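Peer 1: Supplied structure: entry03.txt, compact mmCIF, C-alpha atoms.
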```txt
# COMPACT_ATOMS: atom_id res chain seq x y z
CA MET A 1 36.56 0.13 -14.85
CA CYS A 2 34.69 3.29 -15.71
CA SER A 3 35.81 6.64 -14.32
CA VAL A 4 32.32 7.90 -13.48
CA CYS A 5 31.62 5.53 -10.65
CA GLY A 6 34.10 2.67 -10.70
CA CYS A 7 31.48 0.19 -11.91
CA GLY A 8 32.62 -2.64 -14.11
CA HIS A 9 34.62 -4.31 -11.37
CA ASN A 10 33.86 -7.95 -11.00
CA TYR A 11 30.95 -7.80 -8.65
CA GLU A 12 30.96 -10.57 -6.11
CA HIS A 13 28.17 -11.62 -3.92
CA ILE A 14 29.80 -12.20 -0.61
CA ASN A 15 29.92 -15.47 1.18
CA ASP A 16 28.42 -17.66 -1.49
CA HIS A 17 30.96 -20.25 -0.53
CA GLU A 18 30.84 -19.79 3.19
CA ASN A 19 27.11 -20.27 3.24
CA GLU A 20 27.69 -23.84 2.23
CA HIS A 21 29.27 -24.49 5.61
CA THR A 22 27.20 -24.65 8.73
CA HIS A 23 27.95 -22.00 11.32
CA HIS A 24 25.99 -21.49 14.46
CA HIS A 25 26.18 -18.06 15.99
CA GLU A 26 23.87 -16.22 18.33
CA PRO A 27 21.54 -13.94 16.37
CA ARG A 28 22.43 -10.27 16.78
CA LEU A 29 20.64 -7.08 15.77
CA VAL A 30 22.61 -4.59 13.69
CA GLN A 31 21.34 -1.03 13.33
CA ILE A 32 21.66 0.18 9.75
CA GLU A 33 19.41 3.26 9.36
CA ARG A 34 20.46 3.83 5.77
CA ASP A 35 18.49 5.54 3.06
CA ILE A 36 17.85 3.08 0.22
CA LEU A 37 18.17 5.80 -2.42
CA GLN A 38 21.40 7.11 -0.91
CA LYS A 39 23.46 5.71 -3.79
CA ASN A 40 21.33 7.50 -6.37
CA SER A 41 21.44 10.67 -4.27
CA SER A 42 25.23 10.65 -4.22
CA TYR A 43 25.44 10.24 -8.02
CA ALA A 44 22.85 13.02 -8.35
CA ALA A 45 24.93 15.28 -6.10
CA ALA A 46 28.01 14.64 -8.25
CA ASN A 47 26.01 15.44 -11.42
CA ARG A 48 24.63 18.61 -9.85
CA ARG A 49 28.13 19.73 -8.80
CA TYR A 50 29.33 19.26 -12.38
CA PHE A 51 26.36 21.22 -13.79
CA THR A 52 26.84 24.07 -11.32
CA GLU A 53 30.57 24.30 -11.96
CA HIS A 54 29.97 24.56 -15.70
CA GLY A 55 26.92 26.81 -15.57
CA ILE A 56 24.73 24.21 -17.27
CA LEU A 57 20.97 24.40 -16.78
CA VAL A 58 19.52 20.90 -16.58
CA VAL A 59 15.83 20.30 -17.05
CA ASN A 60 14.27 16.92 -16.27
CA LEU A 61 11.03 16.39 -18.24
CA LEU A 62 8.44 14.05 -16.74
CA SER A 63 5.11 12.98 -18.21
CA SER A 64 2.96 10.00 -19.08
CA PRO A 65 3.61 8.39 -22.46
CA GLY A 66 2.02 10.42 -25.23
CA ALA A 67 1.82 13.80 -23.46
CA GLY A 68 3.85 15.33 -26.28
CA LYS A 69 7.28 15.64 -24.65
CA THR A 70 9.39 14.99 -27.74
CA THR A 71 7.37 17.15 -30.12
CA LEU A 72 7.36 20.03 -27.63
CA LEU A 73 11.08 19.56 -27.10
CA ILE A 74 11.77 19.74 -30.85
CA LYS A 75 9.79 22.99 -31.16
CA THR A 76 11.58 24.43 -28.12
CA ILE A 77 14.97 23.50 -29.55
CA GLU A 78 14.11 25.07 -32.91
CA GLN A 79 13.22 28.27 -31.09
CA LEU A 80 16.37 28.42 -28.93
CA LYS A 81 19.17 26.63 -30.76
CA ASP A 82 20.54 29.73 -32.49
CA LYS A 83 20.81 31.57 -29.17
CA ILE A 84 22.22 28.89 -26.85
CA PRO A 85 24.03 25.54 -27.01
CA ILE A 86 21.59 22.71 -26.32
CA ALA A 87 21.96 18.96 -25.80
CA VAL A 88 19.46 16.23 -25.00
CA ILE A 89 19.47 12.95 -23.10
CA GLU A 90 16.56 10.75 -24.16
CA GLY A 91 15.24 8.01 -21.91
CA ASP A 92 13.09 5.23 -23.32
CA GLN A 93 12.64 1.59 -22.60
CA GLN A 94 13.65 0.69 -26.17
CA THR A 95 14.62 2.17 -29.56
CA ASN A 96 16.63 5.22 -30.61
CA ARG A 97 13.66 6.87 -32.29
CA ASP A 98 13.42 9.89 -29.99
CA ALA A 99 17.15 10.66 -30.09
CA GLU A 100 17.02 10.41 -33.90
CA ARG A 101 14.07 12.84 -33.99
CA ILE A 102 15.98 15.30 -31.79
CA ARG A 103 19.14 15.02 -33.94
CA THR A 104 17.19 16.23 -36.98
CA THR A 105 17.19 19.65 -35.29
CA GLY A 106 21.00 19.61 -35.37
CA VAL A 107 21.60 19.37 -31.62
CA PRO A 108 23.46 16.41 -30.04
CA ALA A 109 21.26 13.77 -28.42
CA ILE A 110 22.09 10.57 -26.56
CA GLN A 111 19.57 7.79 -26.14
CA ILE A 112 19.51 5.78 -22.94
CA ASN A 113 17.53 2.55 -23.22
CA THR A 114 16.48 1.46 -19.78
CA GLY A 115 15.44 -2.05 -20.87
CA ALA A 116 13.50 -3.45 -17.91
CA GLY A 117 13.85 -0.13 -16.06
CA CYS A 118 10.98 2.32 -15.84
CA HIS A 119 12.97 5.49 -15.09
CA LEU A 120 16.33 7.16 -15.55
CA ASP A 121 18.65 7.29 -12.56
CA ALA A 122 21.55 9.59 -11.73
CA HIS A 123 24.12 6.90 -12.50
CA LEU A 124 22.83 6.39 -16.07
CA VAL A 125 22.82 10.16 -16.60
CA GLY A 126 26.38 10.45 -15.27
CA HIS A 127 27.53 7.96 -17.91
CA ALA A 128 25.65 9.75 -20.68
CA LEU A 129 27.35 13.04 -19.70
CA LYS A 130 30.73 11.56 -20.51
CA ASN A 131 29.69 11.11 -24.12
CA LEU A 132 27.97 14.46 -24.57
CA ASN A 133 30.82 16.96 -24.12
CA LEU A 134 28.48 19.64 -22.86
CA ALA A 135 29.48 23.26 -23.46
CA ASP A 136 29.75 25.61 -20.50
CA ASP A 137 26.65 27.79 -20.00
CA SER A 138 24.53 25.41 -22.08
CA LEU A 139 21.10 23.88 -21.69
CA LEU A 140 20.62 20.14 -21.18
CA PHE A 141 17.19 18.58 -21.51
CA ILE A 142 16.69 15.15 -20.00
CA GLU A 143 13.55 13.57 -21.40
CA ASN A 144 12.69 10.93 -18.84
CA VAL A 145 10.90 7.65 -19.59
CA GLY A 146 7.20 8.29 -20.18
CA ASN A 147 5.86 7.41 -16.76
CA LEU A 148 4.38 9.63 -14.06
CA ILE A 149 5.18 7.34 -11.15
CA CYS A 150 8.70 5.94 -11.07
CA PRO A 151 10.84 8.85 -12.39
CA ALA A 152 9.46 11.07 -9.61
CA GLY A 153 11.51 9.22 -6.99
CA PHE A 154 14.88 9.58 -8.71
CA ASP A 155 16.87 12.80 -8.49
CA LEU A 156 19.12 13.09 -11.57
CA GLY A 157 20.97 16.19 -10.36
CA GLU A 158 18.75 18.53 -12.36
CA GLN A 159 18.04 22.09 -11.21
CA GLN A 160 14.54 22.15 -12.70
CA ARG A 161 11.94 19.42 -12.88
CA ILE A 162 9.11 19.96 -15.33
CA VAL A 163 5.97 17.89 -15.49
CA ILE A 164 4.07 17.90 -18.78
CA LEU A 165 0.36 17.15 -18.71
CA SER A 166 -1.67 17.15 -21.89
CA VAL A 167 -5.31 18.18 -22.02
CA THR A 168 -6.20 14.81 -23.57
CA GLU A 169 -5.53 13.29 -20.15
CA GLY A 170 -7.79 13.66 -17.12
CA GLU A 171 -7.74 16.92 -15.17
CA ASP A 172 -7.43 14.93 -11.94
CA LYS A 173 -4.05 13.44 -12.87
CA PRO A 174 -2.20 15.67 -10.37
CA LEU A 175 -4.27 14.12 -7.58
CA LYS A 176 -3.85 10.59 -8.89
CA TYR A 177 -0.07 10.86 -9.37
CA PRO A 178 0.89 13.47 -6.77
CA ASN A 179 4.61 12.65 -6.39
CA ALA A 180 5.51 13.91 -9.88
CA PHE A 181 3.58 17.17 -9.43
CA HIS A 182 4.76 17.63 -5.86
CA SER A 183 8.42 17.47 -6.86
CA ALA A 184 8.21 19.69 -9.99
CA GLN A 185 8.84 23.42 -10.29
CA LEU A 186 6.81 23.93 -13.46
CA MET A 187 3.88 22.27 -15.19
CA LEU A 188 3.39 22.62 -18.92
CA LEU A 189 -0.26 22.11 -19.77
CA ASN A 190 0.26 20.83 -23.28
CA LYS A 191 -1.81 20.28 -26.46
CA ILE A 192 -3.85 23.29 -25.38
CA ASP A 193 -4.93 23.78 -29.04
CA LEU A 194 -7.16 20.69 -28.67
CA LEU A 195 -9.31 22.26 -25.92
CA PRO A 196 -12.29 23.08 -28.22
CA TYR A 197 -12.71 19.37 -28.94
CA LEU A 198 -12.50 18.14 -25.37
CA GLN A 199 -14.29 18.36 -22.08
CA PHE A 200 -11.26 19.32 -20.05
CA ASP A 201 -11.61 21.75 -17.16
CA VAL A 202 -8.38 23.80 -17.25
CA GLU A 203 -9.17 25.74 -14.11
CA GLN A 204 -9.92 22.56 -12.15
CA CYS A 205 -6.76 20.88 -13.42
CA CYS A 206 -4.57 23.83 -12.39
CA ALA A 207 -6.30 23.99 -9.01
CA PHE A 208 -5.61 20.27 -8.45
CA ALA A 209 -1.97 20.68 -9.49
CA GLN A 210 -1.42 23.68 -7.22
CA ARG A 211 -3.21 21.94 -4.39
CA VAL A 212 -0.60 19.17 -4.57
CA ASN A 213 2.15 21.78 -4.98
CA PRO A 214 1.26 25.41 -4.21
CA HIS A 215 4.63 26.60 -5.59
CA LEU A 216 4.07 25.00 -8.99
CA GLU A 217 4.25 27.43 -11.91
CA ILE A 218 2.02 26.66 -14.91
CA ILE A 219 2.42 27.52 -18.59
CA HIS A 220 -0.11 26.54 -21.28
CA THR A 221 1.59 25.25 -24.42
CA SER A 222 0.91 23.79 -27.82
CA ALA A 223 3.68 22.49 -30.04
CA VAL A 224 1.26 22.60 -32.99
CA SER A 225 -0.12 26.14 -32.73
CA GLY A 226 2.95 27.54 -30.97
CA VAL A 227 0.90 28.95 -28.08
CA GLY A 228 2.99 29.49 -24.96
CA LEU A 229 6.32 28.56 -26.56
CA ASP A 230 7.66 32.11 -26.14
CA ILE A 231 6.73 32.15 -22.45
CA TRP A 232 8.30 28.71 -21.95
CA SER A 233 11.49 29.77 -23.80
CA ASP A 234 11.73 32.96 -21.72
CA TRP A 235 11.29 30.86 -18.58
CA LEU A 236 14.21 28.66 -19.65
CA ILE A 237 16.43 31.63 -20.49
CA GLN A 238 15.68 33.22 -17.13
CA LYS A 239 16.66 29.98 -15.34
CA MET A 240 19.83 29.81 -17.45
CA ASP A 241 20.76 33.31 -16.32
CA GLN A 242 20.33 32.24 -12.69
CA VAL A 243 22.61 29.24 -13.22
CA ARG A 244 25.22 31.42 -14.95
CA ILE A 245 25.14 33.99 -12.14
CA GLN A 246 25.52 31.20 -9.61
CA LYS A 247 28.57 29.91 -11.49
CA GLN A 248 30.13 33.40 -11.60
CA ASN A 249 29.49 33.88 -7.88
CA ASN A 250 31.15 30.54 -7.15
CA ILE A 251 34.17 31.49 -9.27
CA GLN A 252 34.48 34.87 -7.55
CA ALA A 253 34.25 33.18 -4.15
CA LEU A 254 37.03 30.81 -5.22
CA HIS A 255 39.20 33.72 -6.43
CA ARG A 256 38.70 35.48 -3.10
CA LYS A 257 39.69 32.31 -1.26
CA ILE A 258 42.82 31.91 -3.41
CA ALA A 259 43.79 35.56 -2.82
CA GLU A 260 43.22 35.09 0.91
CA LEU A 261 45.37 31.94 0.99
CA GLU A 262 48.11 33.63 -1.05
CA ALA A 263 48.08 36.61 1.32
CA ARG A 264 48.34 34.29 4.31
CA LEU A 265 51.15 32.39 2.65
CA GLY A 266 52.94 35.70 1.86
CA ASN A 267 52.64 36.81 5.49
CA SER A 268 54.11 33.62 6.82
CA MET A 269 57.15 33.69 4.50
CA MET V 270 8.43 -1.32 -11.48
CA HIS V 271 11.01 0.93 -9.87
CA GLU V 272 10.65 -1.49 -6.95
CA MET V 273 13.35 -3.56 -8.67
CA SER V 274 15.78 -0.61 -8.39
CA ILE V 275 14.79 -0.16 -4.76
CA ALA V 276 15.33 -3.88 -4.14
CA THR V 277 18.84 -3.82 -5.67
CA GLY V 278 19.55 -0.71 -3.56
CA ILE V 279 18.62 -2.71 -0.45
CA ARG V 280 20.81 -5.62 -1.56
CA ASP V 281 23.77 -3.26 -2.08
CA ILE V 282 23.36 -1.75 1.39
CA ILE V 283 23.16 -5.20 2.96
CA GLU V 284 26.20 -6.52 1.12
CA ASP V 285 28.23 -3.36 1.87
CA THR V 286 27.42 -3.70 5.54
CA ALA V 287 28.10 -7.44 5.59
CA ARG V 288 31.46 -6.85 3.94
CA SER V 289 32.51 -3.99 6.21
CA GLN V 290 31.29 -5.61 9.42
CA GLY V 291 32.25 -9.15 8.48
CA PHE V 292 29.09 -11.10 9.17
CA ARG V 293 28.03 -14.14 7.30
CA ARG V 294 24.31 -14.61 7.33
CA ILE V 295 21.31 -12.34 7.66
CA THR V 296 18.12 -13.90 8.92
CA GLU V 297 15.89 -10.86 9.07
CA ILE V 298 15.74 -7.47 7.32
CA ARG V 299 13.65 -4.62 8.65
CA LEU V 300 12.64 -1.84 6.29
CA GLU V 301 10.89 1.47 6.80
CA ILE V 302 8.70 2.46 3.86
CA GLY V 303 6.85 5.76 3.93
CA ALA V 304 3.21 5.89 2.88
CA PHE V 305 4.10 8.61 0.32
CA SER V 306 7.30 7.01 -0.95
CA GLY V 307 5.60 5.69 -4.08
CA VAL V 308 6.68 2.12 -3.40
CA GLU V 309 4.30 -0.81 -3.73
CA VAL V 310 5.25 -3.06 -0.83
CA ALA V 311 4.01 -6.37 -2.31
CA SER V 312 5.98 -5.69 -5.45
CA LEU V 313 9.09 -4.72 -3.47
CA LEU V 314 8.94 -7.95 -1.44
CA PHE V 315 8.61 -9.95 -4.65
CA CYS V 316 11.66 -8.21 -6.15
CA LEU V 317 13.67 -8.65 -2.94
CA ASP V 318 13.07 -12.39 -2.95
CA VAL V 319 14.64 -12.49 -6.39
CA VAL V 320 17.62 -10.16 -5.87
CA LEU V 321 18.64 -11.68 -2.53
CA ILE V 322 19.18 -15.14 -4.00
CA ASN V 323 22.83 -16.17 -3.65
CA THR V 324 23.60 -13.43 -1.15
CA CYS V 325 24.19 -13.62 2.58
CA ALA V 326 20.52 -12.74 3.02
CA THR V 327 19.05 -15.56 0.95
CA GLY V 328 15.74 -16.55 2.49
CA ALA V 329 15.89 -13.80 5.14
CA GLU V 330 12.60 -12.80 6.70
CA LEU V 331 11.46 -9.40 5.42
CA GLN V 332 9.71 -7.07 7.84
CA VAL V 333 8.23 -3.85 6.50
CA GLU V 334 7.17 -1.03 8.74
CA ILE V 335 4.90 1.41 6.91
CA VAL V 336 5.60 4.93 8.15
CA PRO V 337 2.36 6.92 8.04
CA GLY V 338 2.25 10.35 6.46
CA GLN V 339 2.46 13.29 8.85
CA GLY V 340 2.03 16.95 8.07
CA HIS V 341 2.97 19.96 10.14
CA CYS V 342 0.85 23.10 10.15
CA VAL V 343 2.99 26.22 10.61
CA ARG V 344 0.03 28.31 11.69
CA CYS V 345 -1.15 25.91 14.42
CA ASN V 346 2.38 24.66 15.17
CA ASP V 347 0.94 21.15 15.35
CA SER V 348 1.38 17.89 13.44
CA PHE V 349 -1.26 15.54 12.12
CA LEU V 350 -1.54 12.15 10.44
CA ILE V 351 -2.47 12.60 6.77
CA LYS V 352 -3.41 10.24 3.98
CA GLU V 353 -2.63 12.51 1.01
CA PHE V 354 0.08 15.07 0.21
CA TYR V 355 -2.41 17.82 -0.21
CA GLU V 356 -4.56 17.48 2.89
CA GLU V 357 -5.41 20.64 4.73
CA CYS V 358 -4.89 21.30 8.42
CA PRO V 359 -7.76 19.64 10.32
CA LYS V 360 -7.76 22.56 12.79
CA CYS V 361 -7.47 25.72 10.69
CA SER V 362 -7.99 24.34 7.13
CA SER V 363 -4.82 25.98 5.82
CA TYR V 364 -2.48 24.21 3.43
CA PRO V 365 0.05 23.13 2.44
CA LEU V 366 1.13 21.19 5.45
CA ARG V 367 4.86 20.54 5.61
CA ILE V 368 5.38 16.82 5.09
CA ILE V 369 7.42 15.62 8.06
CA SER V 370 7.11 11.88 7.55
CA GLY V 371 5.88 9.43 4.97
CA MET V 372 8.67 9.76 2.41
CA GLU V 373 11.01 7.24 4.12
CA LEU V 374 12.78 4.48 2.22
CA ARG V 375 15.24 3.01 4.67
CA VAL V 376 16.93 -0.18 5.77
CA LYS V 377 16.39 0.05 9.50
CA ASP V 378 18.20 -2.94 10.93
CA LEU V 379 19.28 -6.52 10.30
CA LEU V 380 19.21 -9.66 12.37
CA ILE V 381 22.46 -11.48 11.75
CA GLU V 382 24.09 -14.74 12.72
```
Starting from the file, give its structure as structure tokens.
Peer 2:
Amino acid sequence: MCSVCGCGHNYEHINDHENEHTHHHEPRLVQIERDILQKNSSYAAANRRYFTEHGILVVNLLSSPGAGKTTLLIKTIEQLKDKIPIAVIEGDQQTNRDAERIRTTGVPAIQINTGAGCHLDAHLVGHALKNLNLADDSLLFIENVGNLICPAGFDLGEQQRIVILSVTEGEDKPLKYPNAFHSAQLMLLNKIDLLPYLQFDVEQCCAFAQRVNPHLEIIHTSAVSGVGLDIWSDWLIQKMDQVRIQKQNNIQALHRKIAELEARLGNSM
Amino acid sequence: MHEMSIATGIRDIIEDTARSQGFRRITEIRLEIGAFSGVEVASLLFCLDVVLINTCATGAELQVEIVPGQGHCVRCNDSFLIKEFYEECPKCSSYPLRIISGMELRVKDLLIE
């Protein structure tokens, strides 16, 4: 049995045997009212608790296949790896190619192959965490499976969700796949160096994205020319500071509580 | 195809409930699926047929209630049916509207024997 979730028990479908007998009972309505994604949400909450306790900033990267996630990630890592500890979880249907590419930068990377699955879920991420030994106050990138639809519905416990859209795609993608853009905090408009060769209306694209999500921040990036990488790195460092401050506040609150309890205990002795 | 994950989620809820409440056979399952939940109902029903085989809900009738999207306009303090996330208020044209329904993914109730 694993210690993350207790999975690995022999899973039994109930009543396979009993169904063979014939029972006649009056039909009865049972109210359930349960959220189907509740299980994922509870794993996500456990992941988030772990990240908060350890001051780890977790960034979930969503995009269609080919938007340039891995290349951008490698450039970002090269820029930041001497300043902060970084680790990566790579999600793909098959192969270890992306994790191997990331490891060439010298940071640890774990590949999750989803097989028939089209997205990462919080349970898979929880398992990967056990093998990563993340440092406190570090940065964890989760590169989700290239897919703008399915990953949007699955909270992994991340604090920041980033959607990457490349200018070689249509500017109306935010309208066509609104869930991903609606749930993200930041959009990276990537491959911006290719603009001179394309008919891509940047202003229209950003307007569509912010129509779906008026709070969405936008940074223009190119992994090839390096445009926007400084702004993107600063954005990450600022979010890391927030997570670190949150952790310190939580620790101070705990210390206060301990002192309070000790004082109460002292008074009652 | 995240409908397969959703379908196994539904199976787990049903089996948990059957185990804890001790019933043997489910003849009908009622689901609430929000219009903005990102789930393709035909695909979900197909996946459910597969994952419910050899469970207490084998062959159960599947009823899906589509919950329409509804947005609330803070300025007008009124709610409206909407077809897209990003629709503006039909009265004052402001947006965003706060999404108050349409994201549901729930097992509502079961008919059991």
Peer 1: Between chain A and chain V, at 6 Å or less, what are the per-residue closest atom pairs and their distances in Å? Count all atoms listed in the file, order by chain and rising residue number, and return it as CSV.
Peer 2:
```
residue,atom,partner,partner_atom,distance
A:His13,CA,V:Thr324,CA,5.6
A:His25,CA,V:Glu382,CA,5.1
A:Glu26,CA,V:Glu382,CA,5.8
A:Pro27,CA,V:Glu382,CA,4.5
A:Arg28,CA,V:Ile381,CA,5.2
A:Leu29,CA,V:Leu380,CA,4.5
A:Val30,CA,V:Leu379,CA,5.1
A:Gln31,CA,V:Asp378,CA,4.4
A:Ile32,CA,V:Asp378,CA,4.8
A:Glu33,CA,V:Lys377,CA,4.4
A:Arg34,CA,V:Val376,CA,5.3
A:Asp35,CA,V:Arg375,CA,4.4
A:Ile36,CA,V:Arg375,CA,5.2
A:Cys150,CA,V:His271,CA,5.6
A:Arg211,CA,V:Tyr355,CA,5.9
A:Val212,CA,V:Tyr355,CA,4.9
```
Peer 1: Distance CA of Gln199 (chain A)-CA of Val167 (chain A), one decimal place?
Peer 2: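 Interatomic distance, CA of Gln199 (chain A) to CA of Val167 (chain A): 9.0 Å.
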Peer 1: For a test of reading the model, state the distance in Å between CA of His215 (chain A) and CA of Ile368 (chain V), rounded to one decimal.
Peer 2: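 About the pair CA of His215 (chain A) and CA of Ile368 (chain V): they are 14.5 Å apart.
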Peer 1: By how many Å are CA of Leu120 (chain A) and CA of Lys83 (chain A) apart?
Peer 2: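 Straight-line distance from CA of Leu120 (chain A) to CA of Lys83 (chain A) works out to 28.3 Å.
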Peer 1: Tell me which protein, DNA and RNA residues are within 10 Å of region 108-117 of chain A, counting all atoms listed in the file, leaving out same-chain ones fewer than 2 positions away, and put them as a PyMOL selection string.
Peer 2: (chain A and resi 85-106+119-121+124-125+127-129+131-134+140-145+150) or (chain V and resi 270-274)
Peer 1: Please provide the set of residues having any atom within 9 Å of region 226-231 of chain A, restricted to only C-alpha atoms, with same-chain residues fewer than 4 positions apart removed, written as a PyMOL selection string.
Peer 2: chain A and resi 72+75-76+79+192-193+219-222+235-236
Peer 1: Residues near Ala304 (chain V), anyone? I mean within 10 Å using only C-alpha atoms, not counting same-chain ones fewer than 4 positions away, as a ChimeraX atom specification.
Peer 2: /V:308-310,334-339,351-353,370-374
Peer 1: Show which residues sit within 12 Å of Asp241 (chain A), as a VMD selection string. Count all atoms listed in the file, and ignore same-chain residues fewer than 6 positions away.
Peer 2: chain A and resid 55 to 57 84 137 to 139 234 to 235 247 to 248
Peer 1: Each side padded by 5 Å, which centre and which edge lengths in Å (one decimal) define the axis-aligned box around the listed atoms of region 344-347 of chain V? Give them as AutoDock Vina command-line options.
Peer 2:
```
--center_x 0.6 --center_y 24.7 --center_z 13.5 --size_x 13.5 --size_y 17.2 --size_z 13.7
```
Peer 1: Hey, what's within 8 Å of Ile149 (chain A) if we count all atoms listed in the file and toss same-chain stuff fewer than 4 positions away? As a list of chain:residue names, please?
Peer 2: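 Selected residues are A:Gly153, A:Tyr177, A:Asn179, A:Ala180, V:Gly307.
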Peer 1: Please identify all polymer residues lying at most 12 Å from the point (2.8, 22.9, 14.8) (file coordinates), using all atoms listed in the file, and present the result as a PyMOL selection string.
Peer 2: chain V and resi 339-349+358-361+366-369
Peer 1: Okay, now the selection with C-alpha atoms, as an mmCIF file, in the coordinates of the input?
Peer 2:
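The new file out39.cif reads:
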```
data_model
loop_
_atom_site.group_PDB
_atom_site.id
_atom_site.type_symbol
_atom_site.label_atom_id
_atom_site.label_comp_id
_atom_site.auth_asym_id
_atom_site.auth_seq_id
_atom_site.Cartn_x
_atom_site.Cartn_y
_atom_site.Cartn_z
ATOM 1 C CA GLN V 339 2.460 13.290 8.850
ATOM 2 C CA GLY V 340 2.030 16.950 8.070
ATOM 3 C CA HIS V 341 2.970 19.960 10.140
ATOM 4 C CA CYS V 342 0.850 23.100 10.150
ATOM 5 C CA VAL V 343 2.990 26.220 10.610
ATOM 6 C CA ARG V 344 0.030 28.310 11.690
ATOM 7 C CA CYS V 345 -1.150 25.910 14.420
ATOM 8 C CA ASN V 346 2.380 24.660 15.170
ATOM 9 C CA ASP V 347 0.940 21.150 15.350
ATOM 10 C CA SER V 348 1.380 17.890 13.440
ATOM 11 C CA PHE V 349 -1.260 15.540 12.120
ATOM 12 C CA CYS V 358 -4.890 21.300 8.420
ATOM 13 C CA PRO V 359 -7.760 19.640 10.320
ATOM 14 C CA LYS V 360 -7.760 22.560 12.790
ATOM 15 C CA CYS V 361 -7.470 25.720 10.690
ATOM 16 C CA LEU V 366 1.130 21.190 5.450
ATOM 17 C CA ARG V 367 4.860 20.540 5.610
ATOM 18 C CA ILE V 368 5.380 16.820 5.090
ATOM 19 C CA ILE V 369 7.420 15.620 8.060
#
```
Peer 1: When you write region 366-380 of chain V out from the block above, keep N, CA and C atoms and present the result as a JSON list (two decimals), in the first residue's frame, please.
Peer 2:
```
[["chain", "number", "residue", "atom", "x", "y", "z"],
["V", 366, "LEU", "N", -19.52, 38.73, -15.75],
["V", 366, "LEU", "CA", -20.58, 38.30, -14.86],
["V", 366, "LEU", "C", -19.97, 37.21, -13.97],
["V", 367, "ARG", "N", -20.43, 37.16, -12.73],
["V", 367, "ARG", "CA", -19.94, 36.09, -11.85],
["V", 367, "ARG", "C", -20.70, 34.82, -12.20],
["V", 368, "ILE", "N", -19.94, 33.76, -12.53],
["V", 368, "ILE", "CA", -20.60, 32.51, -12.92],
["V", 368, "ILE", "C", -21.21, 31.87, -11.68],
["V", 369, "ILE", "N", -22.53, 31.71, -11.65],
["V", 369, "ILE", "CA", -23.15, 31.13, -10.45],
["V", 369, "ILE", "C", -23.67, 29.72, -10.71],
["V", 370, "SER", "N", -23.79, 29.33, -11.98],
["V", 370, "SER", "CA", -24.05, 27.91, -12.24],
["V", 370, "SER", "C", -23.58, 27.57, -13.64],
["V", 371, "GLY", "N", -23.38, 26.28, -13.85],
["V", 371, "GLY", "CA", -22.90, 25.82, -15.15],
["V", 371, "GLY", "C", -21.59, 25.05, -15.04],
["V", 372, "MET", "N", -20.99, 25.07, -13.83],
["V", 372, "MET", "CA", -19.72, 24.35, -13.65],
["V", 372, "MET", "C", -19.96, 22.99, -12.94],
["V", 373, "GLU", "N", -21.20, 22.63, -12.69],
["V", 373, "GLU", "CA", -21.50, 21.44, -11.88],
["V", 373, "GLU", "C", -21.02, 20.14, -12.53],
["V", 374, "LEU", "N", -20.58, 19.25, -11.69],
["V", 374, "LEU", "CA", -20.26, 17.87, -12.09],
["V", 374, "LEU", "C", -20.63, 17.03, -10.88],
["V", 375, "ARG", "N", -21.88, 16.59, -10.81],
["V", 375, "ARG", "CA", -22.31, 15.96, -9.56],
["V", 375, "ARG", "C", -23.14, 14.70, -9.80],
["V", 376, "VAL", "N", -23.00, 13.76, -8.87],
["V", 376, "VAL", "CA", -23.94, 12.64, -8.82],
["V", 376, "VAL", "C", -25.08, 13.11, -7.94],
["V", 377, "LYS", "N", -26.26, 13.23, -8.52],
["V", 377, "LYS", "CA", -27.37, 13.81, -7.75],
["V", 377, "LYS", "C", -28.04, 12.75, -6.88],
["V", 378, "ASP", "N", -28.60, 11.74, -7.51],
["V", 378, "ASP", "CA", -29.19, 10.67, -6.71],
["V", 378, "ASP", "C", -29.21, 9.35, -7.47],
["V", 379, "LEU", "N", -29.56, 8.30, -6.75],
["V", 379, "LEU", "CA", -29.55, 6.95, -7.30],
["V", 379, "LEU", "C", -30.89, 6.29, -7.00],
["V", 380, "LEU", "N", -31.37, 5.48, -7.93],
["V", 380, "LEU", "CA", -32.52, 4.65, -7.66],
["V", 380, "LEU", "C", -32.00, 3.26, -7.35]]
```
